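The structure appears below as structure tokens.
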Amino acid sequence: MRYAIVSDIHANMQAWGAVLADARDRQVDAIICLGDVVGYGPKPSEVLSSVRSVTTSFVMGNHDAAAVGLMDYSVFNDHARGAIEWTMGELDPEAKGFLAAVPLALEAGDILFVHAELIEPGRFGYIDDAEVARANFEKSRHFVTFIGHTHLPKVFEHSPQSGVIELGDQDLSLETQKRYIVNVGSVGEPRNPHDLRARYVIYDDQSRSVEFRRVDFDISAYRQDLEATSLDLRPYFLQVYEQVVEGSQPDVAEQASVADMRINPMSAPLVGVHQTSQIVATSNQGVLLASAKPSKLPLAILSALVVLILIGGLLVWKGKNGSSSDEPAPDFVSSSQQINSQKPVRQASDSLAIAEPEMISPPKKPEVSEPASSPRETKDPSQPVKENSSLTVVDPKPSSSKVEADEPNDRSQNDNAVWWQMDSKGKEGVLRDVYGNIDLYPMQMGKAMNAIAPDPIPLNGKENVSATQGGVWQEDIGSEWFVMSALHSLTLEGWFLTDVLQSPVFLFGTRTGGAEDRRGWHLDLRPGGIGPRKGQIGFLFDNGNDQVFAVSKNAHVDDQQPHHFAIVWDHDAERASGKVTLFLDGQSVASQMLKHSLLLTNQANPFRIGAVENPERFGFDELRYSKTTLVPSQFLSHAQAGK
């Protein structure tokens with residue numbers, strides 16, 4: 001099969017049109033797009049539509065992820081950030097939905113396709129030298145991996161004898177005893193000052209040959225498109241063109257930087273694997289080009305698919321009859337966790353079996369009538385439980401007077417309230433609600449740490465001696481308690497403490513972005529922008545087609561100090577809309593109206609606290625949910641009248 005592998009088109013219609021014509025002339029069987037279809041360039045919607053018309057094989061790029069709200073784009077440089085914000089306004093909801101759903105990687109037998117790196121595809125690190133390539137080779141068993149991202153075409157070759165060496169972008173035949181990482185370059189943003197042509201690669205998996213293609217495109221027409229927009233940027237290739245060809249620009253750098261965003265090699269993925277599809281097989285399932293030669297592979301592929309379907313059906317039949325078998329781990333494994341598809345399993349005893357070593361199985365629960373929901377992933381059982389270093393927190397309001405209480409004293413809310421105290425018991429397994437309404441089950445064990453909330457709790461004087469760090473909990477099945485609806489209001493509040501943020505932190509919600517549970521809402525923390533770090537706190541609602549945000553961009557959330565937070569949903573703020581308000585330390589910091597027509601009618605994903613991608617130095621304390629609208633004077637951070 002002959003693949004045309006393109007990457008980093010960046011909304012450049014002139015370059016994409018030229019490459020597409022060249023690929024047709026070369027009679028390829030299928031096109032693979034390695035991401036960054038949008039960003040920087042002036043024609044995001046048109047280019048995306050054109051690419052989708054000739055292929056269904058896409059992976060997600062960092063600009064794609066940022067343009068649809070899947071990652072915090074404060075890590076980008078000024079020009080990239082401005083282009084992303086502009087692009088967000090150019091893409092319609094359907095286009096955004098498509099980009100948000102594409103996977104982080106594709107594989108076809110011993111071939112892997114990914115935008116940036118192999119170790120953590122959703123972190124989008126740069127493979128720009130042999131040392132970084134060596135670390136990536138260690139995380140893959142594929143014969144050849146095709147990447148983009150740096151915009152600089154080249155090859156890294158790995159052999160048992162000579163290790164990893166960097167080759168140029170010359171055509172070559174791949175040797176079976178070696179392995180390769182091939183950077184296909186950029187279609188729409190070439191960054192080699194000596195060659196401003198669009199770049200892509202043709203790979204023949206029968207002859208194992210790699211052909212680097214260079215294609216001229218109309219740069220002057222691209223500039224006209226760019227200048228017709230409000231985009232305030234000059235791509236590197238355009239700067240070189242204006243200097244060398246037109247002589248109208250001062251000198252530019254000998255070579256553009258490969259990095260358009262800050263990447264910490266030790267940070268968590270910017271886009272978690274759970275937020276996209278798992279690696280899936282690809283073939284010539286995309287729309288074949290009009291001039292493409294017929295391939296001999298489809299019949300063999302179809303036969304293989306039939307066999308796989310029969311095997312899958314047999315396994316399902318066995319599962320229904322009480323049989324079980326261990327599934328092999330996927331071929332592609334990240335450095336921090338395996339791609340995760342394991343789900344909580346309901347046992348005949350109605351207890352929840354937690355797929356986690358060293359976890360305590362939750363006790364038997366009574367039967368309740370709850371709506372069914374999509375299954376959720378749990379932490380892969382082959383991964384060890386994280387041992388997090390505890391944080392030492394100075395009690396913000398020390399007090400010698402501690403009132404013992406068996407449970408909180410605002411009993412008027414018990415039928416519509418949940419309170420997880422996040423004390424030392426929380427690290428032992430099930431997160432118990434003091435009212436007995438909703439218990440949460442561990443996906444990742446936590447660790448006790450010093451109290452974050454005041455001791456005693458101002459609202460009721462209850463003693464508070466500890467908090468929980470690093471844990472992840474969720475409902476065993478979805479309930480209607482936490483649905484953002486027009487039927488009831490809600491308030492969720494508590495305390496957190498975190499170190500300086502390198503990537504977003506998931507606080508809680510019913511939407512974690514996975515393929516099965518994108519619909520819903522969540523609250524998160526995000527790194528601050530350029531300059532002094534201040535951090536952000538943000539709310540996101542997603543009904544599958546539309547997204548609504550409420551974000552405070554100047555919130556001091558990552559200063560290693562205790563903070564109280566609250567999200568309040570007033571479902572009757574207006575006749576046809578509700579209002580979401582975010583509070584930080586008792587002050588309103590962001591709000592957003594949400595039309596009732598956008599609300600979900602059948603969303604009942606399990607509610608979750610925390611995520612496995614959260615940093616180790618992060619803790620929760622005293623989380624309380626109420627099916628009502630509370631005001632700051634009613635928060636846990638305030639004492640009741642008379643106390």
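Residues in the structure tokens are numbered from 1 in each chain, the chains being A, B, ... in the order shown, and ligands are numbered from 1 in the order shown.
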Legend entry - Within 12 Å of Gly163 (chain A) using only C-alpha atoms, minus same-chain residues under 4 positions, as JSON, numbers by chain: {"A": [130, 131, 133, 134, 135, 137, 138, 156, 157, 158, 159, 178, 179, 180]}
Inset, instruction - Write out as a ChimeraX atom specification each polymer residue whose atoms come within 8 Å of Phe508 (chain A), counting only C-alpha atoms; drop sequence neighbours fewer than 3 positions from it. - result: /A:522-524,607-610
Inset, instruction - Identify all residues of region 41-234 of chain A in strand (DSSP E) (DSSP on the backbone) and supply them as JSON, numbers by chain. - result: {"A": [105, 106, 107, 108, 111, 112, 113, 114, 144, 145, 146, 147, 154, 155, 156, 157, 158, 159, 163, 164, 165, 166, 167, 172, 173, 179, 180, 181, 182, 183, 198, 199, 200, 201, 202, 203, 204, 209, 210, 211, 212, 213, 214, 215]}
Take the residues from that selection and put them in a file with N, CA and C atoms, as a compact mmCIF listing (two decimals), in the first residue's frame.
```
# COMPACT_ATOMS: atom_id res chain seq x y z
N ALA A 105 -3.38 8.62 18.00
CA ALA A 105 -2.47 7.82 17.19
C ALA A 105 -3.25 6.81 16.39
N LEU A 106 -2.66 6.36 15.30
CA LEU A 106 -3.20 5.30 14.47
C LEU A 106 -2.10 4.29 14.23
N GLU A 107 -2.46 3.06 14.01
CA GLU A 107 -1.46 2.07 13.62
C GLU A 107 -2.01 1.17 12.53
N ALA A 108 -1.12 0.71 11.68
CA ALA A 108 -1.45 -0.23 10.62
C ALA A 108 -0.37 -1.30 10.63
N ILE A 111 3.27 -0.23 11.56
CA ILE A 111 3.42 1.20 11.30
C ILE A 111 2.60 1.98 12.33
N LEU A 112 3.20 3.01 12.88
CA LEU A 112 2.50 3.88 13.83
C LEU A 112 2.48 5.30 13.27
N PHE A 113 1.33 5.95 13.41
CA PHE A 113 1.17 7.34 12.99
C PHE A 113 0.79 8.16 14.21
N VAL A 114 1.57 9.21 14.52
CA VAL A 114 1.30 10.05 15.68
C VAL A 114 1.81 11.45 15.37
N VAL A 144 8.23 1.26 11.95
CA VAL A 144 8.41 2.64 11.53
C VAL A 144 7.27 3.48 12.11
N THR A 145 7.63 4.65 12.61
CA THR A 145 6.67 5.61 13.14
C THR A 145 6.80 6.90 12.34
N PHE A 146 5.66 7.43 11.91
CA PHE A 146 5.65 8.70 11.17
C PHE A 146 5.11 9.79 12.09
N ILE A 147 5.84 10.91 12.15
CA ILE A 147 5.49 12.04 13.00
C ILE A 147 5.57 13.35 12.21
N LYS A 154 13.00 14.77 8.59
CA LYS A 154 14.24 14.04 8.86
C LYS A 154 13.89 12.63 9.26
N VAL A 155 14.91 11.79 9.47
CA VAL A 155 14.73 10.39 9.85
C VAL A 155 15.64 10.08 11.02
N PHE A 156 15.12 9.37 12.00
CA PHE A 156 15.94 8.79 13.06
C PHE A 156 15.95 7.28 12.86
N GLU A 157 17.15 6.72 12.82
CA GLU A 157 17.32 5.28 12.56
C GLU A 157 17.88 4.61 13.81
N HIS A 158 17.27 3.51 14.21
CA HIS A 158 17.71 2.75 15.38
C HIS A 158 18.16 1.37 14.95
N SER A 159 19.37 1.02 15.33
CA SER A 159 19.87 -0.33 15.03
C SER A 159 20.57 -0.88 16.26
N GLY A 163 23.03 2.03 17.53
CA GLY A 163 22.13 2.84 18.33
C GLY A 163 21.28 3.73 17.45
N VAL A 164 21.10 4.99 17.88
CA VAL A 164 20.24 5.92 17.15
C VAL A 164 21.09 6.96 16.43
N ILE A 165 20.84 7.11 15.14
CA ILE A 165 21.52 8.16 14.37
C ILE A 165 20.47 8.99 13.65
N GLU A 166 20.81 10.25 13.41
CA GLU A 166 19.90 11.16 12.71
C GLU A 166 20.31 11.25 11.26
N LEU A 167 19.35 11.04 10.36
CA LEU A 167 19.58 11.14 8.93
C LEU A 167 18.84 12.36 8.40
N LEU A 172 14.87 6.86 1.09
CA LEU A 172 15.61 5.68 1.52
C LEU A 172 14.71 4.47 1.58
N SER A 173 15.34 3.28 1.54
CA SER A 173 14.64 2.01 1.74
C SER A 173 14.94 1.55 3.16
N ARG A 179 14.86 0.00 13.06
CA ARG A 179 13.58 0.68 13.27
C ARG A 179 13.76 2.16 12.99
N TYR A 180 12.63 2.85 12.69
CA TYR A 180 12.73 4.21 12.19
C TYR A 180 11.63 5.11 12.78
N ILE A 181 12.00 6.38 12.97
CA ILE A 181 11.05 7.46 13.21
C ILE A 181 11.24 8.46 12.09
N VAL A 182 10.20 8.68 11.31
CA VAL A 182 10.28 9.54 10.13
C VAL A 182 9.43 10.79 10.35
N ASN A 183 10.08 11.95 10.35
CA ASN A 183 9.35 13.22 10.42
C ASN A 183 9.04 13.65 8.99
N ALA A 198 6.20 23.06 0.19
CA ALA A 198 5.41 22.21 1.08
C ALA A 198 6.03 20.81 1.09
N ARG A 199 5.97 20.16 2.26
CA ARG A 199 6.63 18.87 2.40
C ARG A 199 5.65 17.79 2.86
N TYR A 200 5.82 16.60 2.34
CA TYR A 200 5.10 15.42 2.83
C TYR A 200 5.87 14.19 2.41
N VAL A 201 5.40 13.01 2.80
CA VAL A 201 6.13 11.76 2.56
C VAL A 201 5.18 10.75 1.93
N ILE A 202 5.71 9.95 1.00
CA ILE A 202 5.00 8.78 0.48
C ILE A 202 5.73 7.54 0.99
N TYR A 203 4.97 6.63 1.58
CA TYR A 203 5.56 5.39 2.09
C TYR A 203 4.87 4.19 1.45
N ASP A 204 5.69 3.30 0.88
CA ASP A 204 5.21 2.05 0.28
C ASP A 204 5.53 0.92 1.25
N SER A 209 9.79 1.63 1.23
CA SER A 209 10.52 2.80 0.75
C SER A 209 9.87 4.09 1.23
N VAL A 210 10.68 5.06 1.58
CA VAL A 210 10.24 6.38 2.02
C VAL A 210 10.68 7.40 0.99
N GLU A 211 9.72 8.16 0.48
CA GLU A 211 10.01 9.20 -0.52
C GLU A 211 9.59 10.55 0.05
N PHE A 212 10.55 11.46 0.20
CA PHE A 212 10.25 12.80 0.68
C PHE A 212 9.85 13.67 -0.51
N ARG A 213 8.67 14.22 -0.45
CA ARG A 213 8.15 15.04 -1.55
C ARG A 213 8.26 16.52 -1.20
N ARG A 214 8.61 17.32 -2.20
CA ARG A 214 8.73 18.78 -2.09
C ARG A 214 7.85 19.40 -3.17
N VAL A 215 6.93 20.26 -2.77
CA VAL A 215 5.93 20.76 -3.71
C VAL A 215 5.84 22.28 -3.61
```
Inset, instruction - May I ask which of the residues A:Pro615, A:Pro527, A:Gly544, A:Gly168 is the closest one to His556 (chain A), counting only C-alpha atoms? - result: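 For His556 (chain A), the nearest of the candidates is A:Pro527.
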Legend entry - Spatial neighbours of Gly188 (chain A), 8 Å, only C-alpha atoms, chain gap at least 3 places, as a ChimeraX atom specification: /A:8-13,15-16,41,198
